[in-house]
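Data block for run34.cif (mmCIF, N, CA and C atoms and all ligand atoms):
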data_entry
#
loop_
_atom_site.label_atom_id
_atom_site.label_comp_id
_atom_site.auth_asym_id
_atom_site.auth_seq_id
_atom_site.Cartn_x
_atom_site.Cartn_y
_atom_site.Cartn_z
N MET F 95 -8.55 -0.57 19.45
CA MET F 95 -9.14 -1.80 18.90
C MET F 95 -8.15 -2.44 17.92
N ALA F 96 -7.93 -3.74 18.05
CA ALA F 96 -7.05 -4.44 17.12
C ALA F 96 -7.73 -4.49 15.75
N GLU F 97 -6.98 -4.12 14.74
CA GLU F 97 -7.53 -4.04 13.38
C GLU F 97 -6.52 -4.63 12.40
N ARG F 98 -7.02 -4.89 11.19
CA ARG F 98 -6.14 -5.27 10.09
C ARG F 98 -6.33 -4.31 8.93
N THR F 99 -5.26 -4.06 8.21
CA THR F 99 -5.33 -3.18 7.04
C THR F 99 -4.48 -3.78 5.92
N LEU F 100 -4.81 -3.40 4.69
CA LEU F 100 -4.07 -3.91 3.54
C LEU F 100 -3.03 -2.86 3.14
N SER F 101 -1.80 -3.32 3.01
CA SER F 101 -0.70 -2.45 2.59
C SER F 101 -0.11 -3.00 1.30
N ILE F 102 0.35 -2.10 0.44
CA ILE F 102 1.08 -2.52 -0.76
C ILE F 102 2.37 -1.72 -0.84
N ILE F 103 3.49 -2.42 -0.97
CA ILE F 103 4.76 -1.77 -1.28
C ILE F 103 4.82 -1.71 -2.81
N LYS F 104 4.84 -0.49 -3.32
CA LYS F 104 4.63 -0.25 -4.75
C LYS F 104 5.91 -0.48 -5.58
N PRO F 105 5.78 -0.56 -6.93
CA PRO F 105 6.92 -0.90 -7.79
C PRO F 105 8.13 0.04 -7.65
N ASP F 106 7.90 1.32 -7.37
CA ASP F 106 9.07 2.23 -7.24
C ASP F 106 9.94 1.80 -6.06
N ALA F 107 9.29 1.24 -5.03
CA ALA F 107 10.03 0.85 -3.82
C ALA F 107 10.66 -0.54 -3.97
N THR F 108 9.95 -1.49 -4.59
CA THR F 108 10.57 -2.82 -4.78
C THR F 108 11.77 -2.69 -5.72
N ARG F 109 11.66 -1.81 -6.72
CA ARG F 109 12.76 -1.61 -7.68
C ARG F 109 14.03 -1.13 -6.97
N ARG F 110 13.85 -0.29 -5.94
CA ARG F 110 15.01 0.25 -5.21
C ARG F 110 15.37 -0.60 -3.99
N ASN F 111 14.76 -1.80 -3.89
CA ASN F 111 15.12 -2.76 -2.83
C ASN F 111 14.82 -2.21 -1.43
N LEU F 112 13.67 -1.55 -1.30
CA LEU F 112 13.33 -0.88 -0.04
C LEU F 112 12.34 -1.67 0.82
N THR F 113 12.02 -2.91 0.43
CA THR F 113 11.01 -3.67 1.17
C THR F 113 11.35 -3.78 2.65
N GLY F 114 12.58 -4.13 2.95
CA GLY F 114 12.99 -4.31 4.35
C GLY F 114 12.93 -3.01 5.14
N LYS F 115 13.39 -1.92 4.54
CA LYS F 115 13.37 -0.63 5.24
C LYS F 115 11.94 -0.18 5.52
N ILE F 116 11.05 -0.43 4.58
CA ILE F 116 9.64 -0.06 4.78
C ILE F 116 9.02 -0.97 5.84
N ASN F 117 9.29 -2.26 5.76
CA ASN F 117 8.75 -3.17 6.78
C ASN F 117 9.25 -2.81 8.18
N ALA F 118 10.49 -2.37 8.28
CA ALA F 118 11.04 -1.97 9.59
C ALA F 118 10.23 -0.83 10.18
N LYS F 119 9.81 0.11 9.33
CA LYS F 119 9.02 1.25 9.83
C LYS F 119 7.69 0.76 10.41
N PHE F 120 7.04 -0.18 9.72
CA PHE F 120 5.78 -0.72 10.24
C PHE F 120 6.03 -1.40 11.59
N GLU F 121 7.04 -2.26 11.64
CA GLU F 121 7.28 -3.05 12.85
C GLU F 121 7.74 -2.17 14.01
N GLU F 122 8.59 -1.19 13.73
CA GLU F 122 9.06 -0.29 14.80
C GLU F 122 7.91 0.51 15.39
N GLN F 123 6.87 0.74 14.58
CA GLN F 123 5.76 1.58 15.05
C GLN F 123 4.53 0.77 15.42
N GLY F 124 4.74 -0.50 15.76
CA GLY F 124 3.70 -1.28 16.42
C GLY F 124 2.78 -2.08 15.53
N LEU F 125 3.05 -2.12 14.22
CA LEU F 125 2.22 -2.95 13.34
C LEU F 125 2.93 -4.28 13.08
N ARG F 126 2.14 -5.36 13.04
CA ARG F 126 2.67 -6.69 12.81
C ARG F 126 2.29 -7.13 11.40
N ILE F 127 3.25 -7.66 10.64
CA ILE F 127 2.98 -8.16 9.29
C ILE F 127 2.46 -9.58 9.42
N VAL F 128 1.15 -9.78 9.24
CA VAL F 128 0.53 -11.09 9.50
C VAL F 128 0.26 -11.86 8.21
N ALA F 129 0.56 -11.24 7.06
CA ALA F 129 0.50 -11.92 5.76
C ALA F 129 1.32 -11.08 4.80
N GLN F 130 1.99 -11.74 3.85
CA GLN F 130 2.80 -10.97 2.91
C GLN F 130 3.14 -11.83 1.70
N LYS F 131 3.00 -11.25 0.50
CA LYS F 131 3.51 -11.93 -0.70
C LYS F 131 3.94 -10.93 -1.77
N ARG F 132 4.96 -11.33 -2.53
CA ARG F 132 5.46 -10.50 -3.62
C ARG F 132 4.84 -11.03 -4.90
N ILE F 133 4.17 -10.15 -5.64
CA ILE F 133 3.45 -10.56 -6.84
C ILE F 133 3.62 -9.52 -7.95
N LYS F 134 3.26 -9.93 -9.16
CA LYS F 134 3.19 -8.99 -10.28
C LYS F 134 1.70 -8.83 -10.61
N LEU F 135 1.20 -7.62 -10.50
CA LEU F 135 -0.21 -7.36 -10.78
C LEU F 135 -0.46 -7.38 -12.29
N SER F 136 -1.54 -8.00 -12.72
CA SER F 136 -1.97 -7.90 -14.11
C SER F 136 -2.70 -6.56 -14.28
N ASN F 137 -2.85 -6.14 -15.54
CA ASN F 137 -3.63 -4.93 -15.82
C ASN F 137 -5.04 -5.04 -15.27
N GLU F 138 -5.61 -6.23 -15.44
CA GLU F 138 -6.98 -6.46 -15.01
C GLU F 138 -7.12 -6.34 -13.49
N LYS F 139 -6.19 -6.96 -12.80
CA LYS F 139 -6.25 -6.97 -11.33
C LYS F 139 -6.00 -5.56 -10.76
N ALA F 140 -5.01 -4.85 -11.32
CA ALA F 140 -4.72 -3.48 -10.86
C ALA F 140 -5.91 -2.57 -11.15
N GLY F 141 -6.51 -2.72 -12.33
CA GLY F 141 -7.66 -1.91 -12.71
C GLY F 141 -8.83 -2.14 -11.78
N GLU F 142 -9.04 -3.39 -11.40
CA GLU F 142 -10.14 -3.72 -10.49
C GLU F 142 -9.85 -3.18 -9.08
N PHE F 143 -8.60 -3.31 -8.66
CA PHE F 143 -8.24 -2.83 -7.32
C PHE F 143 -8.51 -1.33 -7.18
N TYR F 144 -8.21 -0.58 -8.25
CA TYR F 144 -8.36 0.89 -8.21
C TYR F 144 -9.65 1.35 -8.89
N ALA F 145 -10.65 0.48 -8.98
CA ALA F 145 -11.90 0.81 -9.69
C ALA F 145 -12.53 2.12 -9.21
N GLU F 146 -12.40 2.42 -7.91
CA GLU F 146 -12.98 3.66 -7.38
C GLU F 146 -12.37 4.91 -8.03
N HIS F 147 -11.18 4.78 -8.61
CA HIS F 147 -10.51 5.93 -9.22
C HIS F 147 -10.69 5.98 -10.75
N LYS F 148 -11.58 5.14 -11.28
CA LYS F 148 -11.70 4.98 -12.73
C LYS F 148 -11.92 6.30 -13.47
N ALA F 149 -12.69 7.21 -12.88
CA ALA F 149 -13.01 8.47 -13.55
C ALA F 149 -11.92 9.53 -13.36
N ARG F 150 -10.91 9.24 -12.52
CA ARG F 150 -9.87 10.24 -12.25
C ARG F 150 -8.88 10.32 -13.42
N PRO F 151 -8.33 11.53 -13.66
CA PRO F 151 -7.40 11.70 -14.79
C PRO F 151 -6.14 10.84 -14.65
N PHE F 152 -5.79 10.47 -13.41
CA PHE F 152 -4.54 9.72 -13.21
C PHE F 152 -4.72 8.20 -13.26
N TYR F 153 -5.96 7.73 -13.51
CA TYR F 153 -6.26 6.29 -13.41
C TYR F 153 -5.40 5.42 -14.33
N ASN F 154 -5.32 5.78 -15.63
CA ASN F 154 -4.57 4.93 -16.57
C ASN F 154 -3.09 4.88 -16.22
N ASP F 155 -2.53 6.04 -15.85
CA ASP F 155 -1.12 6.10 -15.45
C ASP F 155 -0.90 5.27 -14.19
N LEU F 156 -1.85 5.34 -13.27
CA LEU F 156 -1.72 4.61 -12.01
C LEU F 156 -1.70 3.10 -12.26
N VAL F 157 -2.59 2.63 -13.13
CA VAL F 157 -2.63 1.19 -13.45
C VAL F 157 -1.33 0.78 -14.14
N SER F 158 -0.82 1.59 -15.07
CA SER F 158 0.46 1.26 -15.73
C SER F 158 1.59 1.21 -14.71
N PHE F 159 1.60 2.20 -13.82
CA PHE F 159 2.66 2.23 -12.80
C PHE F 159 2.60 0.99 -11.90
N MET F 160 1.40 0.63 -11.46
CA MET F 160 1.27 -0.48 -10.51
C MET F 160 1.57 -1.84 -11.14
N THR F 161 1.58 -1.89 -12.49
CA THR F 161 1.92 -3.13 -13.18
C THR F 161 3.35 -3.09 -13.75
N SER F 162 4.10 -2.04 -13.43
CA SER F 162 5.43 -1.83 -14.03
C SER F 162 6.52 -2.66 -13.37
N GLY F 163 6.20 -3.31 -12.27
CA GLY F 163 7.18 -4.13 -11.56
C GLY F 163 6.50 -4.85 -10.42
N PRO F 164 7.26 -5.65 -9.67
CA PRO F 164 6.65 -6.38 -8.56
C PRO F 164 6.12 -5.46 -7.47
N VAL F 165 5.10 -5.93 -6.80
CA VAL F 165 4.61 -5.26 -5.59
C VAL F 165 4.63 -6.29 -4.46
N VAL F 166 4.67 -5.79 -3.23
CA VAL F 166 4.54 -6.66 -2.06
C VAL F 166 3.21 -6.31 -1.40
N VAL F 167 2.28 -7.26 -1.42
CA VAL F 167 0.99 -7.03 -0.74
C VAL F 167 1.07 -7.66 0.63
N GLN F 168 0.51 -6.97 1.61
CA GLN F 168 0.67 -7.44 2.98
C GLN F 168 -0.51 -7.02 3.85
N VAL F 169 -0.74 -7.78 4.89
CA VAL F 169 -1.76 -7.43 5.88
C VAL F 169 -1.03 -7.01 7.15
N LEU F 170 -1.35 -5.82 7.63
CA LEU F 170 -0.76 -5.28 8.86
C LEU F 170 -1.81 -5.33 9.95
N GLU F 171 -1.40 -5.74 11.13
CA GLU F 171 -2.32 -5.88 12.26
C GLU F 171 -1.80 -5.07 13.45
N GLY F 172 -2.73 -4.45 14.18
CA GLY F 172 -2.35 -3.72 15.39
C GLY F 172 -3.47 -2.82 15.86
N GLU F 173 -3.21 -2.12 16.96
CA GLU F 173 -4.16 -1.14 17.48
C GLU F 173 -4.40 -0.06 16.42
N ASN F 174 -5.66 0.18 16.09
CA ASN F 174 -5.99 1.21 15.09
C ASN F 174 -5.11 1.12 13.85
N ALA F 175 -4.93 -0.10 13.36
CA ALA F 175 -3.96 -0.33 12.27
C ALA F 175 -4.24 0.52 11.03
N ILE F 176 -5.50 0.78 10.74
CA ILE F 176 -5.82 1.50 9.50
C ILE F 176 -5.29 2.94 9.57
N ALA F 177 -5.67 3.64 10.63
CA ALA F 177 -5.22 5.03 10.81
C ALA F 177 -3.72 5.09 11.11
N ARG F 178 -3.24 4.17 11.92
CA ARG F 178 -1.82 4.13 12.26
C ARG F 178 -0.97 4.00 10.99
N ASN F 179 -1.41 3.08 10.10
CA ASN F 179 -0.65 2.89 8.87
C ASN F 179 -0.66 4.14 8.01
N ARG F 180 -1.81 4.84 7.93
CA ARG F 180 -1.88 6.07 7.13
C ARG F 180 -0.91 7.12 7.68
N GLU F 181 -0.76 7.15 9.02
CA GLU F 181 0.20 8.08 9.63
C GLU F 181 1.64 7.71 9.28
N ILE F 182 1.93 6.43 9.33
CA ILE F 182 3.29 5.96 9.04
C ILE F 182 3.65 6.23 7.59
N MET F 183 2.63 6.11 6.69
CA MET F 183 2.85 6.35 5.26
C MET F 183 3.11 7.82 4.96
N GLY F 184 2.33 8.71 5.55
CA GLY F 184 2.42 10.13 5.24
C GLY F 184 1.50 10.51 4.09
N ALA F 185 1.45 11.81 3.79
CA ALA F 185 0.54 12.33 2.77
C ALA F 185 0.82 11.73 1.39
N THR F 186 -0.24 11.63 0.57
CA THR F 186 -0.14 11.07 -0.79
C THR F 186 1.00 11.71 -1.58
N ASN F 187 1.05 13.05 -1.54
CA ASN F 187 2.11 13.79 -2.24
C ASN F 187 3.30 13.93 -1.30
N PRO F 188 4.45 13.35 -1.65
CA PRO F 188 5.60 13.39 -0.73
C PRO F 188 6.01 14.82 -0.36
N ALA F 189 5.69 15.78 -1.21
CA ALA F 189 6.01 17.18 -0.90
C ALA F 189 5.26 17.64 0.34
N ASN F 190 4.12 17.01 0.63
CA ASN F 190 3.33 17.37 1.81
C ASN F 190 3.49 16.39 2.97
N ALA F 191 4.32 15.39 2.80
CA ALA F 191 4.43 14.34 3.83
C ALA F 191 5.31 14.79 4.99
N ALA F 192 4.89 14.41 6.19
CA ALA F 192 5.62 14.81 7.40
C ALA F 192 6.95 14.07 7.51
N GLU F 193 7.87 14.72 8.21
CA GLU F 193 9.19 14.17 8.51
C GLU F 193 9.04 12.78 9.15
N GLY F 194 9.86 11.84 8.71
CA GLY F 194 9.85 10.51 9.33
C GLY F 194 8.87 9.54 8.71
N THR F 195 7.99 10.02 7.84
CA THR F 195 7.04 9.11 7.18
C THR F 195 7.72 8.40 6.02
N ILE F 196 7.11 7.28 5.61
CA ILE F 196 7.66 6.51 4.49
C ILE F 196 7.70 7.35 3.22
N ARG F 197 6.60 8.08 2.96
CA ARG F 197 6.58 8.84 1.70
C ARG F 197 7.55 10.01 1.72
N LYS F 198 7.74 10.65 2.87
CA LYS F 198 8.74 11.72 2.96
C LYS F 198 10.13 11.16 2.66
N GLU F 199 10.40 9.99 3.24
CA GLU F 199 11.75 9.43 3.13
C GLU F 199 12.01 8.78 1.76
N PHE F 200 10.99 8.11 1.20
CA PHE F 200 11.26 7.24 0.05
C PHE F 200 10.51 7.59 -1.23
N ALA F 201 9.36 8.27 -1.17
CA ALA F 201 8.55 8.43 -2.38
C ALA F 201 9.27 9.27 -3.43
N GLU F 202 9.03 8.94 -4.69
CA GLU F 202 9.65 9.66 -5.81
C GLU F 202 8.74 10.77 -6.33
N SER F 203 7.42 10.57 -6.24
CA SER F 203 6.46 11.54 -6.79
C SER F 203 5.08 11.25 -6.20
N ILE F 204 4.10 12.08 -6.55
CA ILE F 204 2.73 11.86 -6.06
C ILE F 204 2.20 10.50 -6.53
N GLU F 205 2.66 10.03 -7.68
CA GLU F 205 2.22 8.71 -8.18
C GLU F 205 3.12 7.60 -7.62
N ALA F 206 4.41 7.74 -7.82
CA ALA F 206 5.36 6.71 -7.36
C ALA F 206 5.68 6.98 -5.90
N ASN F 207 4.66 6.74 -5.06
CA ASN F 207 4.77 7.16 -3.66
C ASN F 207 4.93 5.97 -2.69
N SER F 208 5.52 4.89 -3.23
CA SER F 208 6.12 3.79 -2.45
C SER F 208 5.16 2.85 -1.72
N VAL F 209 4.04 3.35 -1.22
CA VAL F 209 3.14 2.49 -0.46
C VAL F 209 1.66 2.85 -0.70
N HIS F 210 0.82 1.85 -0.52
CA HIS F 210 -0.63 2.02 -0.46
C HIS F 210 -1.09 1.55 0.91
N GLY F 211 -2.13 2.20 1.46
CA GLY F 211 -2.76 1.70 2.67
C GLY F 211 -4.26 1.92 2.60
N SER F 212 -5.04 0.95 3.04
CA SER F 212 -6.50 1.07 3.04
C SER F 212 -6.90 2.35 3.77
N ASP F 213 -7.97 3.02 3.27
CA ASP F 213 -8.32 4.33 3.86
C ASP F 213 -9.52 4.27 4.80
N GLY F 214 -10.00 3.08 5.14
CA GLY F 214 -11.13 2.99 6.08
C GLY F 214 -11.48 1.54 6.33
N THR F 215 -12.44 1.32 7.23
CA THR F 215 -12.80 -0.03 7.64
C THR F 215 -13.32 -0.88 6.49
N GLU F 216 -14.22 -0.29 5.70
CA GLU F 216 -14.79 -1.05 4.58
C GLU F 216 -13.75 -1.36 3.53
N ALA F 217 -12.92 -0.36 3.22
CA ALA F 217 -11.86 -0.56 2.22
C ALA F 217 -10.89 -1.64 2.71
N ALA F 218 -10.56 -1.61 3.98
CA ALA F 218 -9.61 -2.60 4.52
C ALA F 218 -10.16 -4.01 4.36
N ALA F 219 -11.43 -4.21 4.69
CA ALA F 219 -12.03 -5.54 4.58
C ALA F 219 -12.03 -6.00 3.12
N ARG F 220 -12.44 -5.10 2.24
CA ARG F 220 -12.49 -5.44 0.81
C ARG F 220 -11.09 -5.73 0.26
N GLU F 221 -10.13 -4.89 0.61
CA GLU F 221 -8.78 -5.00 0.03
C GLU F 221 -8.02 -6.20 0.59
N VAL F 222 -8.20 -6.51 1.88
CA VAL F 222 -7.53 -7.69 2.45
C VAL F 222 -8.03 -8.93 1.73
N SER F 223 -9.35 -9.05 1.54
CA SER F 223 -9.89 -10.26 0.91
C SER F 223 -9.67 -10.26 -0.60
N PHE F 224 -9.31 -9.10 -1.17
CA PHE F 224 -8.96 -9.03 -2.60
C PHE F 224 -7.68 -9.82 -2.87
N PHE F 225 -6.77 -9.84 -1.90
CA PHE F 225 -5.47 -10.49 -2.10
C PHE F 225 -5.25 -11.76 -1.26
N PHE F 226 -5.95 -11.91 -0.15
CA PHE F 226 -5.63 -13.00 0.78
C PHE F 226 -6.88 -13.79 1.18
N THR F 227 -6.70 -15.10 1.33
CA THR F 227 -7.72 -15.93 1.97
C THR F 227 -7.48 -15.89 3.49
N ASP F 228 -8.47 -16.25 4.26
CA ASP F 228 -8.32 -16.28 5.72
C ASP F 228 -7.14 -17.16 6.14
N ALA F 229 -6.97 -18.28 5.44
CA ALA F 229 -5.92 -19.24 5.81
C ALA F 229 -4.51 -18.67 5.59
N GLU F 230 -4.39 -17.65 4.74
CA GLU F 230 -3.07 -17.06 4.45
C GLU F 230 -2.67 -16.00 5.47
N ILE F 231 -3.59 -15.64 6.37
CA ILE F 231 -3.33 -14.59 7.34
C ILE F 231 -3.13 -15.25 8.70
N VAL F 232 -1.93 -15.07 9.26
CA VAL F 232 -1.61 -15.73 10.53
C VAL F 232 -1.31 -14.66 11.58
N GLY F 233 -2.27 -14.43 12.44
CA GLY F 233 -2.16 -13.34 13.43
C GLY F 233 -1.41 -13.79 14.67
P1 LIG F 301 -3.21 4.91 -1.64
O1 LIG F 301 -4.65 4.69 -2.04
O2 LIG F 301 -2.21 4.40 -2.66
O3 LIG F 301 -2.89 4.44 -0.26
O4 LIG F 301 -2.93 6.46 -1.60
P2 LIG F 301 -3.86 7.64 -1.15
O5 LIG F 301 -5.12 7.12 -0.52
O6 LIG F 301 -2.97 8.54 -0.38
O7 LIG F 301 -4.19 8.30 -2.55
P3 LIG F 301 -5.48 8.13 -3.50
O8 LIG F 301 -6.11 9.47 -3.63
O9 LIG F 301 -6.30 6.96 -3.07
O10 LIG F 301 -4.79 7.81 -4.88
C1 LIG F 301 -4.35 6.51 -5.16
C2 LIG F 301 -2.98 6.57 -5.78
O11 LIG F 301 -3.04 7.17 -7.06
C3 LIG F 301 -1.82 7.84 -7.32
N1 LIG F 301 -2.11 9.24 -7.59
N2 LIG F 301 -1.62 9.89 -8.60
N3 LIG F 301 -0.98 11.86 -10.51
C4 LIG F 301 -1.77 12.18 -9.48
O12 LIG F 301 -2.23 13.29 -9.32
C5 LIG F 301 -2.09 11.13 -8.53
N4 LIG F 301 -2.88 11.26 -7.46
C6 LIG F 301 -2.89 10.06 -6.88
C7 LIG F 301 -0.93 7.66 -6.11
O13 LIG F 301 -0.10 6.52 -6.33
C8 LIG F 301 -1.95 7.41 -5.01
O14 LIG F 301 -1.35 6.76 -3.92
MG MG F 302 -6.40 5.65 -1.43
#
Kindly present the structure from the file in structure tokens form.
Ligand code: RTP
Ligand code: MG
Amino acid sequence: MAERTLSIIKPDATRRNLTGKINAKFEEQGLRIVAQKRIKLSNEKAGEFYAEHKARPFYNDLVSFMTSGPVVVQVLEGENAIARNREIMGATNPANAAEGTIRKEFAESIEANSVHGSDGTEAAAREVSFFFTDAEIVG
């Protein structure tokens, strides 16, 4: 089934100029970038985006990290895009990420792990509309 998912290239990756290398992995593995913008997240916006993690011990650090530099927010489209993207990203902790995944190749730590991807259908719908209007997505 053709799906859309929300992806974020995180500040550790934009800082090291890895946007193109990460985008190549998506495109080589069948996902199409149908919307994309480079932005600086405010504390408020990052906090709202990660609201589900508010009670977690890593929440404050995560919000600081995500506002520490530019991010690239993007919509990826393709067959089973949500699960496909999670496979391309690899495990949250790069120490556990499979060979060839973005996090294995590029992540610096469990926090500075280079990419975000929606983890399910509801999250994808919410997260895509958190950053993009329908008119900004060109499939
Ligand atoms: P994401 O939401 O970014 O795609 O990653 P995920 O589903 O693999 O991980 P999740 O559990 O949703 O955690 C969100 C992000 O929080 C940071 N994190 N830090 N210090 C820690 O123990 C810790 N655990 C998670 C990571 O940046 C993770 O991607
Ligand atoms: Mg998550």
Alpha helix (DSSP H) residues, from DSSP on the backbone, in chain F, as a VMD selection string: chain F and resid 105 to 109 113 to 122 137 to 143 153 to 160 175 to 183 196 to 200 215 to 225
Among listed residues F:Ser223, F:Asn179, F:Thr215, F:Asn190, nearest Glu122 (chain F) (using only C-alpha atoms):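 Closest to Glu122 (chain F), using only C-alpha atoms: F:Asn179.
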Close residues, Arg109 (chain F) itself excluded, 12 Å, only C-alpha atoms, min 2 positions apart in chain, as an NGL selection string: :F and (103-107 or 111-113 or 159-160 or 162-166 or 200 or 202 or 206 or 208)
May I have the residues from that selection written out with N, CA and C atoms, as a PDB file, keeping the file's coordinate frame?
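Writing done, so here's result_0.pdb:
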ATOM      1  N   ILE F 103       3.490  -2.420  -0.970  1.00  0.00           N
ATOM      2  CA  ILE F 103       4.760  -1.770  -1.280  1.00  0.00           C
ATOM      3  C   ILE F 103       4.820  -1.710  -2.810  1.00  0.00           C
ATOM      4  N   LYS F 104       4.840  -0.490  -3.320  1.00  0.00           N
ATOM      5  CA  LYS F 104       4.630  -0.250  -4.750  1.00  0.00           C
ATOM      6  C   LYS F 104       5.910  -0.480  -5.580  1.00  0.00           C
ATOM      7  N   PRO F 105       5.780  -0.560  -6.930  1.00  0.00           N
ATOM      8  CA  PRO F 105       6.920  -0.900  -7.790  1.00  0.00           C
ATOM      9  C   PRO F 105       8.130   0.040  -7.650  1.00  0.00           C
ATOM     10  N   ASP F 106       7.900   1.320  -7.370  1.00  0.00           N
ATOM     11  CA  ASP F 106       9.070   2.230  -7.240  1.00  0.00           C
ATOM     12  C   ASP F 106       9.940   1.800  -6.060  1.00  0.00           C
ATOM     13  N   ALA F 107       9.290   1.240  -5.030  1.00  0.00           N
ATOM     14  CA  ALA F 107      10.030   0.850  -3.820  1.00  0.00           C
ATOM     15  C   ALA F 107      10.660  -0.540  -3.970  1.00  0.00           C
ATOM     16  N   ASN F 111      14.760  -1.800  -3.890  1.00  0.00           N
ATOM     17  CA  ASN F 111      15.120  -2.760  -2.830  1.00  0.00           C
ATOM     18  C   ASN F 111      14.820  -2.210  -1.430  1.00  0.00           C
ATOM     19  N   LEU F 112      13.670  -1.550  -1.300  1.00  0.00           N
ATOM     20  CA  LEU F 112      13.330  -0.880  -0.040  1.00  0.00           C
ATOM     21  C   LEU F 112      12.340  -1.670   0.820  1.00  0.00           C
ATOM     22  N   THR F 113      12.020  -2.910   0.430  1.00  0.00           N
ATOM     23  CA  THR F 113      11.010  -3.670   1.170  1.00  0.00           C
ATOM     24  C   THR F 113      11.350  -3.780   2.650  1.00  0.00           C
ATOM     25  N   PHE F 159       1.600   2.200 -13.820  1.00  0.00           N
ATOM     26  CA  PHE F 159       2.660   2.230 -12.800  1.00  0.00           C
ATOM     27  C   PHE F 159       2.600   0.990 -11.900  1.00  0.00           C
ATOM     28  N   MET F 160       1.400   0.630 -11.460  1.00  0.00           N
ATOM     29  CA  MET F 160       1.270  -0.480 -10.510  1.00  0.00           C
ATOM     30  C   MET F 160       1.570  -1.840 -11.140  1.00  0.00           C
ATOM     31  N   SER F 162       4.100  -2.040 -13.430  1.00  0.00           N
ATOM     32  CA  SER F 162       5.430  -1.830 -14.030  1.00  0.00           C
ATOM     33  C   SER F 162       6.520  -2.660 -13.370  1.00  0.00           C
ATOM     34  N   GLY F 163       6.200  -3.310 -12.270  1.00  0.00           N
ATOM     35  CA  GLY F 163       7.180  -4.130 -11.560  1.00  0.00           C
ATOM     36  C   GLY F 163       6.500  -4.850 -10.420  1.00  0.00           C
ATOM     37  N   PRO F 164       7.260  -5.650  -9.670  1.00  0.00           N
ATOM     38  CA  PRO F 164       6.650  -6.380  -8.560  1.00  0.00           C
ATOM     39  C   PRO F 164       6.120  -5.460  -7.470  1.00  0.00           C
ATOM     40  N   VAL F 165       5.100  -5.930  -6.800  1.00  0.00           N
ATOM     41  CA  VAL F 165       4.610  -5.260  -5.590  1.00  0.00           C
ATOM     42  C   VAL F 165       4.630  -6.290  -4.460  1.00  0.00           C
ATOM     43  N   VAL F 166       4.670  -5.790  -3.230  1.00  0.00           N
ATOM     44  CA  VAL F 166       4.540  -6.660  -2.060  1.00  0.00           C
ATOM     45  C   VAL F 166       3.210  -6.310  -1.400  1.00  0.00           C
ATOM     46  N   PHE F 200      10.990   8.110   1.200  1.00  0.00           N
ATOM     47  CA  PHE F 200      11.260   7.240   0.050  1.00  0.00           C
ATOM     48  C   PHE F 200      10.510   7.590  -1.230  1.00  0.00           C
ATOM     49  N   GLU F 202       9.030   8.940  -4.690  1.00  0.00           N
ATOM     50  CA  GLU F 202       9.650   9.660  -5.810  1.00  0.00           C
ATOM     51  C   GLU F 202       8.740  10.770  -6.330  1.00  0.00           C
ATOM     52  N   ALA F 206       4.410   7.740  -7.820  1.00  0.00           N
ATOM     53  CA  ALA F 206       5.360   6.710  -7.360  1.00  0.00           C
ATOM     54  C   ALA F 206       5.680   6.980  -5.900  1.00  0.00           C
ATOM     55  N   SER F 208       5.520   4.890  -3.230  1.00  0.00           N
ATOM     56  CA  SER F 208       6.120   3.790  -2.450  1.00  0.00           C
ATOM     57  C   SER F 208       5.160   2.850  -1.720  1.00  0.00           C
TER      58      SER F 208
END
DSSP strand (DSSP E or B) residues within chain F, listed as a PyMOL selection string: chain F and resi 96-103+126-133+165-173+209-211
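Those protein and nucleic acid residues that have any atom within 7 Å of ligand MG 302 (chain F) are, using all atoms listed in the file, His210, Gly211, Ser212 and Asp213 of chain F.
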Cut-off 8 Å, only N, CA and C atoms and all ligand atoms, neighbours of ligand LIG 301 (chain F) as a PyMOL selection string: chain F and resi 101-102+144+147+151-153+155-157+160+180+184-187+203-213
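Here CA of Ala96 (chain F) stands at a distance of 10.8 Å from atom N of Leu125 (chain F).
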Top pick for closest residue to Gln123 (chain F), considering F:Glu146, F:Arg178, F:Arg98, F:Gly233 and counting all atoms listed in the file: F:Arg178
One-decimal distance in Å that lies between CA of Gly194 (chain F) and CA of Phe120 (chain F):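 A separation of 12.0 Å between them.
Atom pair atom C of Leu100 (chain F) / atom C of Leu170 (chain F): separated by 7.3 Å.
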Spatial neighbours of Glu97 (chain F), max dist 6.5 Å, only N, CA and C atoms, sep filter under 5 positions, as a list in words: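 That gives Leu170, Glu171, Gly172, Glu173, Asn174, Ala175 and Ile176 of chain F.
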Selection near Val169 (chain F), 5 Å with all atoms listed in the file, sequence-local residues under 5 positions removed, as a list in words: Thr99, Leu100, Ser101, Ile127, Val128, Ala129 and Gln130 of chain F
